[in-house]
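What follows is upload.csv (CSV, N, CA and C atoms).
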chain,number,residue,atom,x,y,z
A,94,MET,N,18.2,2.8,8.9
A,94,MET,CA,17.3,1.8,8.3
A,94,MET,C,17.5,1.7,6.8
A,95,ALA,N,17.7,2.8,6.1
A,95,ALA,CA,17.8,2.7,4.7
A,95,ALA,C,19.0,1.9,4.3
A,96,ASN,N,20.1,2.0,5.0
A,96,ASN,CA,21.3,1.2,4.8
A,96,ASN,C,21.0,-0.3,4.9
A,97,GLU,N,20.2,-0.6,6.0
A,97,GLU,CA,19.9,-2.0,6.2
A,97,GLU,C,19.0,-2.6,5.1
A,98,VAL,N,18.1,-1.8,4.6
A,98,VAL,CA,17.2,-2.3,3.5
A,98,VAL,C,18.1,-2.5,2.3
A,99,CYS,N,19.0,-1.5,2.0
A,99,CYS,CA,19.8,-1.6,0.8
A,99,CYS,C,20.7,-2.9,0.9
A,100,MET,N,21.3,-3.2,2.1
A,100,MET,CA,22.1,-4.3,2.2
A,100,MET,C,21.3,-5.6,2.0
A,101,VAL,N,20.1,-5.7,2.5
A,101,VAL,CA,19.3,-6.9,2.3
A,101,VAL,C,18.9,-7.0,0.9
A,102,MET,N,18.5,-5.9,0.2
A,102,MET,CA,18.1,-6.0,-1.2
A,102,MET,C,19.3,-6.4,-2.1
A,103,GLY,N,20.5,-5.9,-1.7
A,103,GLY,CA,21.7,-6.2,-2.5
A,103,GLY,C,22.1,-7.7,-2.4
A,104,SER,N,21.7,-8.4,-1.4
A,104,SER,CA,22.0,-9.8,-1.3
A,104,SER,C,21.0,-10.7,-1.9
A,105,TRP,N,19.9,-10.2,-2.5
A,105,TRP,CA,18.9,-11.1,-3.1
A,105,TRP,C,19.3,-11.6,-4.4
A,106,GLU,N,19.0,-12.8,-4.7
A,106,GLU,CA,19.1,-13.4,-6.0
A,106,GLU,C,17.9,-13.0,-6.7
A,107,GLU,N,17.7,-13.6,-7.9
A,107,GLU,CA,16.4,-13.3,-8.7
A,107,GLU,C,15.2,-13.7,-7.8
A,108,MET,N,14.3,-12.9,-7.7
A,108,MET,CA,13.1,-13.2,-6.9
A,108,MET,C,11.8,-12.7,-7.6
A,109,ARG,N,10.7,-13.3,-7.3
A,109,ARG,CA,9.4,-12.9,-7.8
A,109,ARG,C,9.0,-11.7,-7.0
A,110,PRO,N,8.1,-10.8,-7.5
A,110,PRO,CA,7.7,-9.6,-6.8
A,110,PRO,C,7.1,-9.9,-5.4
A,111,GLY,N,6.3,-11.0,-5.3
A,111,GLY,CA,5.7,-11.3,-4.0
A,111,GLY,C,6.7,-11.6,-3.0
A,112,ASP,N,7.8,-12.3,-3.4
A,112,ASP,CA,8.9,-12.6,-2.5
A,112,ASP,C,9.6,-11.3,-2.0
A,113,VAL,N,9.8,-10.4,-3.0
A,113,VAL,CA,10.4,-9.1,-2.6
A,113,VAL,C,9.5,-8.4,-1.6
A,114,LEU,N,8.2,-8.3,-1.9
A,114,LEU,CA,7.3,-7.6,-1.0
A,114,LEU,C,7.4,-8.2,0.4
A,115,ARG,N,7.4,-9.5,0.5
A,115,ARG,CA,7.5,-10.1,1.9
A,115,ARG,C,8.8,-9.8,2.6
A,116,GLU,N,9.9,-9.8,1.8
A,116,GLU,CA,11.2,-9.4,2.4
A,116,GLU,C,11.2,-8.0,2.9
A,117,ILE,N,10.7,-7.1,2.1
A,117,ILE,CA,10.6,-5.7,2.5
A,117,ILE,C,9.7,-5.5,3.7
A,118,GLY,N,8.6,-6.2,3.8
A,118,GLY,CA,7.8,-6.2,5.0
A,118,GLY,C,8.5,-6.7,6.2
A,119,ALA,N,9.4,-7.7,6.1
A,119,ALA,CA,10.1,-8.2,7.2
A,119,ALA,C,11.1,-7.2,7.7
A,120,VAL,N,11.7,-6.5,6.8
A,120,VAL,CA,12.8,-5.5,7.2
A,120,VAL,C,12.1,-4.2,7.7
A,121,LEU,N,11.1,-3.7,7.1
A,121,LEU,CA,10.4,-2.5,7.5
A,121,LEU,C,9.1,-2.8,8.2
A,122,GLN,N,9.3,-3.3,9.4
A,122,GLN,CA,8.1,-3.7,10.2
A,122,GLN,C,7.6,-2.5,11.0
A,123,GLY,N,6.3,-2.5,11.3
A,123,GLY,CA,5.8,-1.6,12.2
A,123,GLY,C,5.2,-0.4,11.5
A,124,HIS,N,4.4,0.4,12.3
A,124,HIS,CA,3.7,1.6,11.8
A,124,HIS,C,4.6,2.7,11.4
A,125,GLU,N,5.8,2.8,12.1
A,125,GLU,CA,6.6,4.0,11.7
A,125,GLU,C,7.2,3.9,10.3
A,126,PHE,N,7.2,2.7,9.7
A,126,PHE,CA,7.8,2.5,8.4
A,126,PHE,C,6.7,2.3,7.3
A,127,ALA,N,5.4,2.4,7.7
A,127,ALA,CA,4.3,2.1,6.8
A,127,ALA,C,4.4,2.9,5.5
A,128,SER,N,4.7,4.2,5.6
A,128,SER,CA,4.7,5.0,4.4
A,128,SER,C,5.9,4.7,3.5
A,129,VAL,N,7.0,4.4,4.1
A,129,VAL,CA,8.2,4.0,3.3
A,129,VAL,C,7.9,2.7,2.6
A,130,ARG,N,7.4,1.7,3.4
A,130,ARG,CA,7.1,0.4,2.9
A,130,ARG,C,6.1,0.5,1.7
A,131,ALA,N,5.0,1.4,1.9
A,131,ALA,CA,4.0,1.5,0.8
A,131,ALA,C,4.7,2.1,-0.5
A,132,GLY,N,5.6,3.0,-0.3
A,132,GLY,CA,6.2,3.6,-1.5
A,132,GLY,C,7.1,2.6,-2.2
A,133,MET,N,7.8,1.8,-1.4
A,133,MET,CA,8.6,0.7,-2.1
A,133,MET,C,7.8,-0.3,-2.7
A,134,GLU,N,6.7,-0.7,-2.0
A,134,GLU,CA,5.8,-1.7,-2.6
A,134,GLU,C,5.2,-1.3,-3.9
A,135,MET,N,4.8,0.0,-4.0
A,135,MET,CA,4.2,0.5,-5.2
A,135,MET,C,5.2,0.6,-6.3
A,136,ALA,N,6.4,0.9,-6.0
A,136,ALA,CA,7.5,0.9,-7.0
A,136,ALA,C,7.7,-0.5,-7.6
A,137,ILE,N,7.7,-1.5,-6.7
A,137,ILE,CA,7.9,-2.8,-7.2
A,137,ILE,C,6.8,-3.3,-8.0
A,138,ILE,N,5.6,-3.0,-7.6
A,138,ILE,CA,4.4,-3.4,-8.3
A,138,ILE,C,4.4,-2.8,-9.7
A,139,ASP,N,4.7,-1.5,-9.7
A,139,ASP,CA,4.8,-0.7,-11.0
A,139,ASP,C,5.8,-1.4,-11.9
A,140,ALA,N,7.0,-1.7,-11.4
A,140,ALA,CA,8.0,-2.3,-12.2
A,140,ALA,C,7.6,-3.7,-12.8
A,141,ALA,N,6.9,-4.4,-11.9
A,141,ALA,CA,6.4,-5.7,-12.4
A,141,ALA,C,5.3,-5.5,-13.5
A,142,ALA,N,4.5,-4.6,-13.3
A,142,ALA,CA,3.4,-4.3,-14.3
A,142,ALA,C,4.0,-3.9,-15.6
A,143,GLN,N,5.0,-3.0,-15.5
A,143,GLN,CA,5.6,-2.5,-16.8
A,143,GLN,C,6.4,-3.6,-17.5
A,144,SER,N,7.0,-4.5,-16.7
A,144,SER,CA,7.8,-5.6,-17.4
A,144,SER,C,6.8,-6.6,-18.0
A,145,SER,N,5.6,-6.7,-17.5
A,145,SER,CA,4.6,-7.6,-18.0
A,145,SER,C,3.7,-6.9,-19.0
A,146,CYS,N,3.9,-5.6,-19.3
A,146,CYS,CA,3.0,-4.9,-20.2
A,146,CYS,C,1.6,-4.9,-19.7
A,147,ILE,N,1.4,-4.8,-18.4
A,147,ILE,CA,0.0,-4.7,-17.8
A,147,ILE,C,-0.1,-3.3,-17.2
A,148,PRO,N,-1.2,-2.6,-17.5
A,148,PRO,CA,-1.4,-1.3,-16.9
A,148,PRO,C,-1.5,-1.5,-15.4
A,149,LEU,N,-0.8,-0.6,-14.7
A,149,LEU,CA,-0.7,-0.6,-13.2
A,149,LEU,C,-2.1,-0.6,-12.6
A,150,TRP,N,-3.0,0.1,-13.2
A,150,TRP,CA,-4.4,0.2,-12.6
A,150,TRP,C,-5.1,-1.1,-12.5
A,151,ARG,N,-4.7,-2.1,-13.3
A,151,ARG,CA,-5.3,-3.4,-13.3
A,151,ARG,C,-4.9,-4.2,-12.1
A,152,LEU,N,-3.7,-3.9,-11.5
A,152,LEU,CA,-3.2,-4.6,-10.4
A,152,LEU,C,-3.6,-4.0,-9.0
A,153,ILE,N,-4.2,-2.8,-9.1
A,153,ILE,CA,-4.6,-2.2,-7.8
A,153,ILE,C,-6.1,-2.3,-7.7
A,154,PRO,N,-6.5,-2.9,-6.6
A,154,PRO,CA,-8.0,-3.1,-6.4
A,154,PRO,C,-8.7,-1.7,-6.2
A,155,ILE,N,-9.8,-1.5,-6.8
A,155,ILE,CA,-10.7,-0.4,-6.5
A,155,ILE,C,-11.8,-0.9,-5.7
A,156,VAL,N,-12.0,-0.3,-4.5
A,156,VAL,CA,-13.0,-0.7,-3.6
A,156,VAL,C,-14.1,0.3,-3.4
A,157,SER,N,-15.2,-0.1,-2.9
A,157,SER,CA,-16.3,0.8,-2.7
A,157,SER,C,-16.0,1.6,-1.5
A,158,ALA,N,-16.8,2.7,-1.3
A,158,ALA,CA,-16.7,3.6,-0.2
A,158,ALA,C,-16.8,2.8,1.1
A,159,GLU,N,-17.8,1.8,1.2
A,159,GLU,CA,-18.0,1.0,2.4
A,159,GLU,C,-16.8,0.2,2.7
A,160,SER,N,-16.2,-0.5,1.7
A,160,SER,CA,-15.0,-1.3,1.9
A,160,SER,C,-13.8,-0.5,2.3
A,161,ALA,N,-13.7,0.7,1.7
A,161,ALA,CA,-12.6,1.6,2.1
A,161,ALA,C,-12.7,2.0,3.6
A,162,ALA,N,-13.9,2.3,4.0
A,162,ALA,CA,-14.2,2.7,5.4
A,162,ALA,C,-13.9,1.5,6.3
A,163,ASN,N,-14.3,0.3,5.9
A,163,ASN,CA,-14.0,-0.9,6.8
A,163,ASN,C,-12.5,-1.1,6.9
A,164,LEU,N,-11.8,-1.0,5.8
A,164,LEU,CA,-10.3,-1.2,5.8
A,164,LEU,C,-9.7,-0.1,6.7
A,165,ALA,N,-10.1,1.2,6.5
A,165,ALA,CA,-9.5,2.2,7.4
A,165,ALA,C,-9.8,2.0,8.8
A,166,LEU,N,-11.0,1.5,9.2
A,166,LEU,CA,-11.3,1.2,10.6
A,166,LEU,C,-10.4,0.1,11.1
A,167,LYS,N,-10.3,-1.0,10.3
A,167,LYS,CA,-9.5,-2.1,10.7
A,167,LYS,C,-8.0,-1.7,10.9
A,168,TYR,N,-7.4,-0.9,10.0
A,168,TYR,CA,-6.1,-0.5,10.2
A,168,TYR,C,-5.9,0.5,11.3
A,169,ARG,N,-6.9,1.4,11.5
A,169,ARG,CA,-6.8,2.3,12.6
A,169,ARG,C,-6.8,1.6,14.0
A,170,LYS,N,-7.6,0.5,14.1
A,170,LYS,CA,-7.6,-0.3,15.3
A,170,LYS,C,-6.2,-0.9,15.6
A,171,GLN,N,-5.5,-1.2,14.5
A,171,GLN,CA,-4.2,-1.8,14.6
A,171,GLN,C,-3.1,-0.7,14.9
A,172,GLY,N,-3.5,0.6,14.9
A,172,GLY,CA,-2.5,1.6,15.2
A,172,GLY,C,-2.0,2.4,14.1
A,173,PHE,N,-2.4,2.2,12.9
A,173,PHE,CA,-2.0,2.9,11.7
A,173,PHE,C,-2.6,4.3,11.8
A,174,GLU,N,-1.7,5.3,11.5
A,174,GLU,CA,-2.2,6.7,11.5
A,174,GLU,C,-2.1,7.3,10.1
A,175,THR,N,-1.5,6.7,9.1
A,175,THR,CA,-1.4,7.2,7.8
A,175,THR,C,-2.0,6.2,6.8
A,176,PHE,N,-2.8,6.8,5.9
A,176,PHE,CA,-3.4,6.0,4.9
A,176,PHE,C,-3.1,6.6,3.5
A,177,LYS,N,-2.7,5.8,2.5
A,177,LYS,CA,-2.5,6.3,1.2
A,177,LYS,C,-3.6,5.7,0.3
A,178,LEU,N,-4.1,6.6,-0.5
A,178,LEU,CA,-5.2,6.2,-1.4
A,178,LEU,C,-4.9,6.6,-2.8
A,179,LYS,N,-5.4,5.8,-3.7
A,179,LYS,CA,-5.3,6.1,-5.1
A,179,LYS,C,-6.6,6.8,-5.5
A,180,VAL,N,-6.5,8.0,-6.1
A,180,VAL,CA,-7.6,8.7,-6.5
A,180,VAL,C,-7.4,9.2,-7.9
A,181,GLY,N,-8.4,9.7,-8.6
A,181,GLY,CA,-8.3,10.3,-9.9
A,181,GLY,C,-9.0,9.7,-11.0
A,182,LYS,N,-9.6,8.5,-10.9
A,182,LYS,CA,-10.3,7.9,-12.0
A,182,LYS,C,-11.7,8.4,-12.1
A,183,ASP,N,-12.4,8.6,-10.9
A,183,ASP,CA,-13.8,9.0,-10.9
A,183,ASP,C,-13.9,9.9,-9.7
A,184,LEU,N,-14.1,11.2,-9.9
A,184,LEU,CA,-14.1,12.2,-8.9
A,184,LEU,C,-15.2,12.0,-7.9
A,185,ASN,N,-16.4,11.7,-8.3
A,185,ASN,CA,-17.5,11.4,-7.4
A,185,ASN,C,-17.3,10.2,-6.5
A,186,ALA,N,-16.7,9.1,-7.1
A,186,ALA,CA,-16.4,7.9,-6.3
A,186,ALA,C,-15.3,8.2,-5.3
A,187,ASP,N,-14.3,9.0,-5.7
A,187,ASP,CA,-13.2,9.4,-4.8
A,187,ASP,C,-13.7,10.2,-3.6
A,188,ILE,N,-14.6,11.1,-3.9
A,188,ILE,CA,-15.2,11.9,-2.8
A,188,ILE,C,-16.0,11.0,-1.8
A,189,GLN,N,-16.7,10.1,-2.4
A,189,GLN,CA,-17.5,9.1,-1.5
A,189,GLN,C,-16.6,8.3,-0.6
A,190,VAL,N,-15.5,7.8,-1.2
A,190,VAL,CA,-14.5,7.0,-0.5
A,190,VAL,C,-13.9,7.9,0.7
A,191,LEU,N,-13.5,9.1,0.3
A,191,LEU,CA,-12.9,10.0,1.3
A,191,LEU,C,-13.8,10.3,2.4
A,192,GLU,N,-15.1,10.6,2.1
A,192,GLU,CA,-16.1,10.9,3.1
A,192,GLU,C,-16.4,9.7,4.0
A,193,ALA,N,-16.4,8.5,3.4
A,193,ALA,CA,-16.7,7.3,4.2
A,193,ALA,C,-15.5,7.1,5.2
A,194,ILE,N,-14.3,7.2,4.7
A,194,ILE,CA,-13.1,7.0,5.6
A,194,ILE,C,-13.1,8.1,6.7
A,195,ARG,N,-13.5,9.3,6.4
A,195,ARG,CA,-13.5,10.4,7.3
A,195,ARG,C,-14.5,10.1,8.5
A,196,LEU,N,-15.6,9.4,8.2
A,196,LEU,CA,-16.6,9.1,9.2
A,196,LEU,C,-16.0,8.1,10.2
A,197,VAL,N,-15.2,7.2,9.8
A,197,VAL,CA,-14.6,6.2,10.8
A,197,VAL,C,-13.3,6.6,11.3
A,198,TYR,N,-12.6,7.6,10.6
A,198,TYR,CA,-11.3,8.1,11.0
A,198,TYR,C,-11.3,9.6,10.9
A,199,PRO,N,-12.0,10.3,11.9
A,199,PRO,CA,-12.1,11.8,11.7
A,199,PRO,C,-10.9,12.6,12.1
A,200,ASP,N,-9.9,11.9,12.6
A,200,ASP,CA,-8.6,12.7,13.0
A,200,ASP,C,-8.0,13.2,11.8
Once you've parsed the file, please lay out its structure as structure tokens.
Amino acid sequence: MANEVCMVMGSWEEMRPGDVLREIGAVLQGHEFASVRAGMEMAIIDAAAQSSCIPLWRLIPIVSAESAANLALKYRKQGFETFKLKVGKDLNADIQVLEAIRLVYPD
């Protein structure tokens, strides 16, 4: 799969980050590639932020514990088993988010 992604990316002309993210999503479909896709997406968003002199944290939405739980439940129902979270800005808020997600996704 890595070779396929590299071949596709090597054939791209200049593209906007959103176009790149859509292409990666088309190549790395399904739950089994969710972690790989998330890593690639974050690297692209980070590169776009750096090239625009915008702090990365401004491009990543911070959601409430309730919203995080709703998102986790939504994606669990779709079959996702792995969730990646950004933590570290506010310890108490991070704990609340993790506890809320754990309630809807105890596995």
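Taking atom N of A:Pro199 and atom C of A:Glu159 as the two end points, the separation is 14.5 Å.
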Local residues around (-7.4, 13.5, 14.0), at most 12 Å away, using only C-alpha atoms, as a list in words: Arg169, Glu174, Thr175, Arg195, Leu196, Val197, Tyr198, Pro199 and Asp200 of chain A
Neighbour list for A:Ala193 as a list in words, cut-off 10 Å, only C-alpha atoms, skip fewer than 4 positions in-chain: Ser157, Ala158, Glu159, Ser160, Ala161, Ala162, Asn163, Ala165, Asp187, Ile188, Gln189, Val197, Tyr198 and Pro199 of chain A
Helix (DSSP H, G or I) residues, from DSSP on the backbone, in stretch 124-166 of chain A, as a ChimeraX atom specification: /A:124-144,149-151,158-166
Å distance separating atom C of A:Ala136 from atom CA of A:Pro148, one decimal place: 13.0 Å
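With atom CA of A:Ser145 on one side and atom CA of A:Ser128 on the other, the separation reads 25.7 Å.
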Nearest candidate to A:Ile194 (options A:Leu164, A:Ala131, A:Lys179, A:Gly172; using all atoms listed in the file): A:Leu164
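Nearest to A:Leu114 of all the residues A:Val156, A:Met133, A:Val190, A:Ala127 is A:Met133, counting all atoms listed in the file.
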Spatial sel., origin (0.4, -2.3, -3.7), limit 6.5 Å, all atoms listed in the file, listed as a PyMOL selection string: chain A and resi 134-135+138+153
Output N, CA and C atoms for every residue in that selection, as a CSV table (one decimal), in the coordinates of the input.
chain,number,residue,atom,x,y,z
A,134,GLU,N,6.7,-0.7,-2.0
A,134,GLU,CA,5.8,-1.7,-2.6
A,134,GLU,C,5.2,-1.3,-3.9
A,135,MET,N,4.8,0.0,-4.0
A,135,MET,CA,4.2,0.5,-5.2
A,135,MET,C,5.2,0.6,-6.3
A,138,ILE,N,5.6,-3.0,-7.6
A,138,ILE,CA,4.4,-3.4,-8.3
A,138,ILE,C,4.4,-2.8,-9.7
A,153,ILE,N,-4.2,-2.8,-9.1
A,153,ILE,CA,-4.6,-2.2,-7.8
A,153,ILE,C,-6.1,-2.3,-7.7
Pick from A:Val113, A:Ile155, A:Gln122, A:Ala140, whichever lies nearest to A:Asp183 using only C-alpha atoms: A:Ile155
Kindly complete stretch 132-158 of chain A to N, CA, C and O atoms; the output should be written as a PDB file, in the frame of the given file.
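For reference, out-v7.pdb as written:
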ATOM      1  N   GLY A 132       5.600   3.000  -0.300  1.00  0.00           N
ATOM      2  CA  GLY A 132       6.200   3.600  -1.500  1.00  0.00           C
ATOM      3  C   GLY A 132       7.100   2.600  -2.200  1.00  0.00           C
ATOM      4  O   GLY A 132       7.056   2.481  -3.454  1.00  0.00           O
ATOM      5  N   MET A 133       7.800   1.800  -1.400  1.00  0.00           N
ATOM      6  CA  MET A 133       8.600   0.700  -2.100  1.00  0.00           C
ATOM      7  C   MET A 133       7.800  -0.300  -2.700  1.00  0.00           C
ATOM      8  O   MET A 133       8.091  -0.819  -3.810  1.00  0.00           O
ATOM      9  N   GLU A 134       6.700  -0.700  -2.000  1.00  0.00           N
ATOM     10  CA  GLU A 134       5.800  -1.700  -2.600  1.00  0.00           C
ATOM     11  C   GLU A 134       5.200  -1.300  -3.900  1.00  0.00           C
ATOM     12  O   GLU A 134       5.152  -2.018  -4.887  1.00  0.00           O
ATOM     13  N   MET A 135       4.800   0.000  -4.000  1.00  0.00           N
ATOM     14  CA  MET A 135       4.200   0.500  -5.200  1.00  0.00           C
ATOM     15  C   MET A 135       5.200   0.600  -6.300  1.00  0.00           C
ATOM     16  O   MET A 135       4.865   0.247  -7.471  1.00  0.00           O
ATOM     17  N   ALA A 136       6.400   0.900  -6.000  1.00  0.00           N
ATOM     18  CA  ALA A 136       7.500   0.900  -7.000  1.00  0.00           C
ATOM     19  C   ALA A 136       7.700  -0.500  -7.600  1.00  0.00           C
ATOM     20  O   ALA A 136       7.891  -0.643  -8.815  1.00  0.00           O
ATOM     21  N   ILE A 137       7.700  -1.500  -6.700  1.00  0.00           N
ATOM     22  CA  ILE A 137       7.900  -2.800  -7.200  1.00  0.00           C
ATOM     23  C   ILE A 137       6.800  -3.300  -8.000  1.00  0.00           C
ATOM     24  O   ILE A 137       6.940  -3.970  -9.054  1.00  0.00           O
ATOM     25  N   ILE A 138       5.600  -3.000  -7.600  1.00  0.00           N
ATOM     26  CA  ILE A 138       4.400  -3.400  -8.300  1.00  0.00           C
ATOM     27  C   ILE A 138       4.400  -2.800  -9.700  1.00  0.00           C
ATOM     28  O   ILE A 138       4.037  -3.368 -10.700  1.00  0.00           O
ATOM     29  N   ASP A 139       4.700  -1.500  -9.700  1.00  0.00           N
ATOM     30  CA  ASP A 139       4.800  -0.700 -11.000  1.00  0.00           C
ATOM     31  C   ASP A 139       5.800  -1.400 -11.900  1.00  0.00           C
ATOM     32  O   ASP A 139       5.552  -1.529 -13.103  1.00  0.00           O
ATOM     33  N   ALA A 140       7.000  -1.700 -11.400  1.00  0.00           N
ATOM     34  CA  ALA A 140       8.000  -2.300 -12.200  1.00  0.00           C
ATOM     35  C   ALA A 140       7.600  -3.700 -12.800  1.00  0.00           C
ATOM     36  O   ALA A 140       7.791  -3.976 -13.942  1.00  0.00           O
ATOM     37  N   ALA A 141       6.900  -4.400 -11.900  1.00  0.00           N
ATOM     38  CA  ALA A 141       6.400  -5.700 -12.400  1.00  0.00           C
ATOM     39  C   ALA A 141       5.300  -5.500 -13.500  1.00  0.00           C
ATOM     40  O   ALA A 141       5.304  -6.271 -14.468  1.00  0.00           O
ATOM     41  N   ALA A 142       4.500  -4.600 -13.300  1.00  0.00           N
ATOM     42  CA  ALA A 142       3.400  -4.300 -14.300  1.00  0.00           C
ATOM     43  C   ALA A 142       4.000  -3.900 -15.600  1.00  0.00           C
ATOM     44  O   ALA A 142       3.645  -4.362 -16.657  1.00  0.00           O
ATOM     45  N   GLN A 143       5.000  -3.000 -15.500  1.00  0.00           N
ATOM     46  CA  GLN A 143       5.600  -2.500 -16.800  1.00  0.00           C
ATOM     47  C   GLN A 143       6.400  -3.600 -17.500  1.00  0.00           C
ATOM     48  O   GLN A 143       6.310  -3.732 -18.711  1.00  0.00           O
ATOM     49  N   SER A 144       7.000  -4.500 -16.700  1.00  0.00           N
ATOM     50  CA  SER A 144       7.800  -5.600 -17.400  1.00  0.00           C
ATOM     51  C   SER A 144       6.800  -6.600 -18.000  1.00  0.00           C
ATOM     52  O   SER A 144       7.221  -7.369 -18.869  1.00  0.00           O
ATOM     53  N   SER A 145       5.600  -6.700 -17.500  1.00  0.00           N
ATOM     54  CA  SER A 145       4.600  -7.600 -18.000  1.00  0.00           C
ATOM     55  C   SER A 145       3.700  -6.900 -19.000  1.00  0.00           C
ATOM     56  O   SER A 145       2.711  -7.569 -19.498  1.00  0.00           O
ATOM     57  N   CYS A 146       3.900  -5.600 -19.300  1.00  0.00           N
ATOM     58  CA  CYS A 146       3.000  -4.900 -20.200  1.00  0.00           C
ATOM     59  C   CYS A 146       1.600  -4.900 -19.700  1.00  0.00           C
ATOM     60  O   CYS A 146       0.617  -4.921 -20.546  1.00  0.00           O
ATOM     61  N   ILE A 147       1.400  -4.800 -18.400  1.00  0.00           N
ATOM     62  CA  ILE A 147       0.000  -4.700 -17.800  1.00  0.00           C
ATOM     63  C   ILE A 147      -0.100  -3.300 -17.200  1.00  0.00           C
ATOM     64  O   ILE A 147       0.752  -2.901 -16.471  1.00  0.00           O
ATOM     65  N   PRO A 148      -1.200  -2.600 -17.500  1.00  0.00           N
ATOM     66  CA  PRO A 148      -1.400  -1.300 -16.900  1.00  0.00           C
ATOM     67  C   PRO A 148      -1.500  -1.500 -15.400  1.00  0.00           C
ATOM     68  O   PRO A 148      -2.127  -2.370 -14.852  1.00  0.00           O
ATOM     69  N   LEU A 149      -0.800  -0.600 -14.700  1.00  0.00           N
ATOM     70  CA  LEU A 149      -0.700  -0.600 -13.200  1.00  0.00           C
ATOM     71  C   LEU A 149      -2.100  -0.600 -12.600  1.00  0.00           C
ATOM     72  O   LEU A 149      -2.369  -1.340 -11.614  1.00  0.00           O
ATOM     73  N   TRP A 150      -3.000   0.100 -13.200  1.00  0.00           N
ATOM     74  CA  TRP A 150      -4.400   0.200 -12.600  1.00  0.00           C
ATOM     75  C   TRP A 150      -5.100  -1.100 -12.500  1.00  0.00           C
ATOM     76  O   TRP A 150      -5.968  -1.324 -11.672  1.00  0.00           O
ATOM     77  N   ARG A 151      -4.700  -2.100 -13.300  1.00  0.00           N
ATOM     78  CA  ARG A 151      -5.300  -3.400 -13.300  1.00  0.00           C
ATOM     79  C   ARG A 151      -4.900  -4.200 -12.100  1.00  0.00           C
ATOM     80  O   ARG A 151      -5.531  -5.176 -11.715  1.00  0.00           O
ATOM     81  N   LEU A 152      -3.700  -3.900 -11.500  1.00  0.00           N
ATOM     82  CA  LEU A 152      -3.200  -4.600 -10.400  1.00  0.00           C
ATOM     83  C   LEU A 152      -3.600  -4.000  -9.000  1.00  0.00           C
ATOM     84  O   LEU A 152      -3.359  -4.641  -8.015  1.00  0.00           O
ATOM     85  N   ILE A 153      -4.200  -2.800  -9.100  1.00  0.00           N
ATOM     86  CA  ILE A 153      -4.600  -2.200  -7.800  1.00  0.00           C
ATOM     87  C   ILE A 153      -6.100  -2.300  -7.700  1.00  0.00           C
ATOM     88  O   ILE A 153      -6.820  -1.786  -8.500  1.00  0.00           O
ATOM     89  N   PRO A 154      -6.500  -2.900  -6.600  1.00  0.00           N
ATOM     90  CA  PRO A 154      -8.000  -3.100  -6.400  1.00  0.00           C
ATOM     91  C   PRO A 154      -8.700  -1.700  -6.200  1.00  0.00           C
ATOM     92  O   PRO A 154      -8.164  -0.875  -5.457  1.00  0.00           O
ATOM     93  N   ILE A 155      -9.800  -1.500  -6.800  1.00  0.00           N
ATOM     94  CA  ILE A 155     -10.700  -0.400  -6.500  1.00  0.00           C
ATOM     95  C   ILE A 155     -11.800  -0.900  -5.700  1.00  0.00           C
ATOM     96  O   ILE A 155     -12.520  -1.817  -6.037  1.00  0.00           O
ATOM     97  N   VAL A 156     -12.000  -0.300  -4.500  1.00  0.00           N
ATOM     98  CA  VAL A 156     -13.000  -0.700  -3.600  1.00  0.00           C
ATOM     99  C   VAL A 156     -14.100   0.300  -3.400  1.00  0.00           C
ATOM    100  O   VAL A 156     -13.890   1.493  -3.722  1.00  0.00           O
ATOM    101  N   SER A 157     -15.200  -0.100  -2.900  1.00  0.00           N
ATOM    102  CA  SER A 157     -16.300   0.800  -2.700  1.00  0.00           C
ATOM    103  C   SER A 157     -16.000   1.600  -1.500  1.00  0.00           C
ATOM    104  O   SER A 157     -15.088   1.393  -0.705  1.00  0.00           O
ATOM    105  N   ALA A 158     -16.800   2.700  -1.300  1.00  0.00           N
ATOM    106  CA  ALA A 158     -16.700   3.600  -0.200  1.00  0.00           C
ATOM    107  C   ALA A 158     -16.800   2.800   1.100  1.00  0.00           C
ATOM    108  O   ALA A 158     -16.067   2.954   2.096  1.00  0.00           O
TER     109      ALA A 158
END
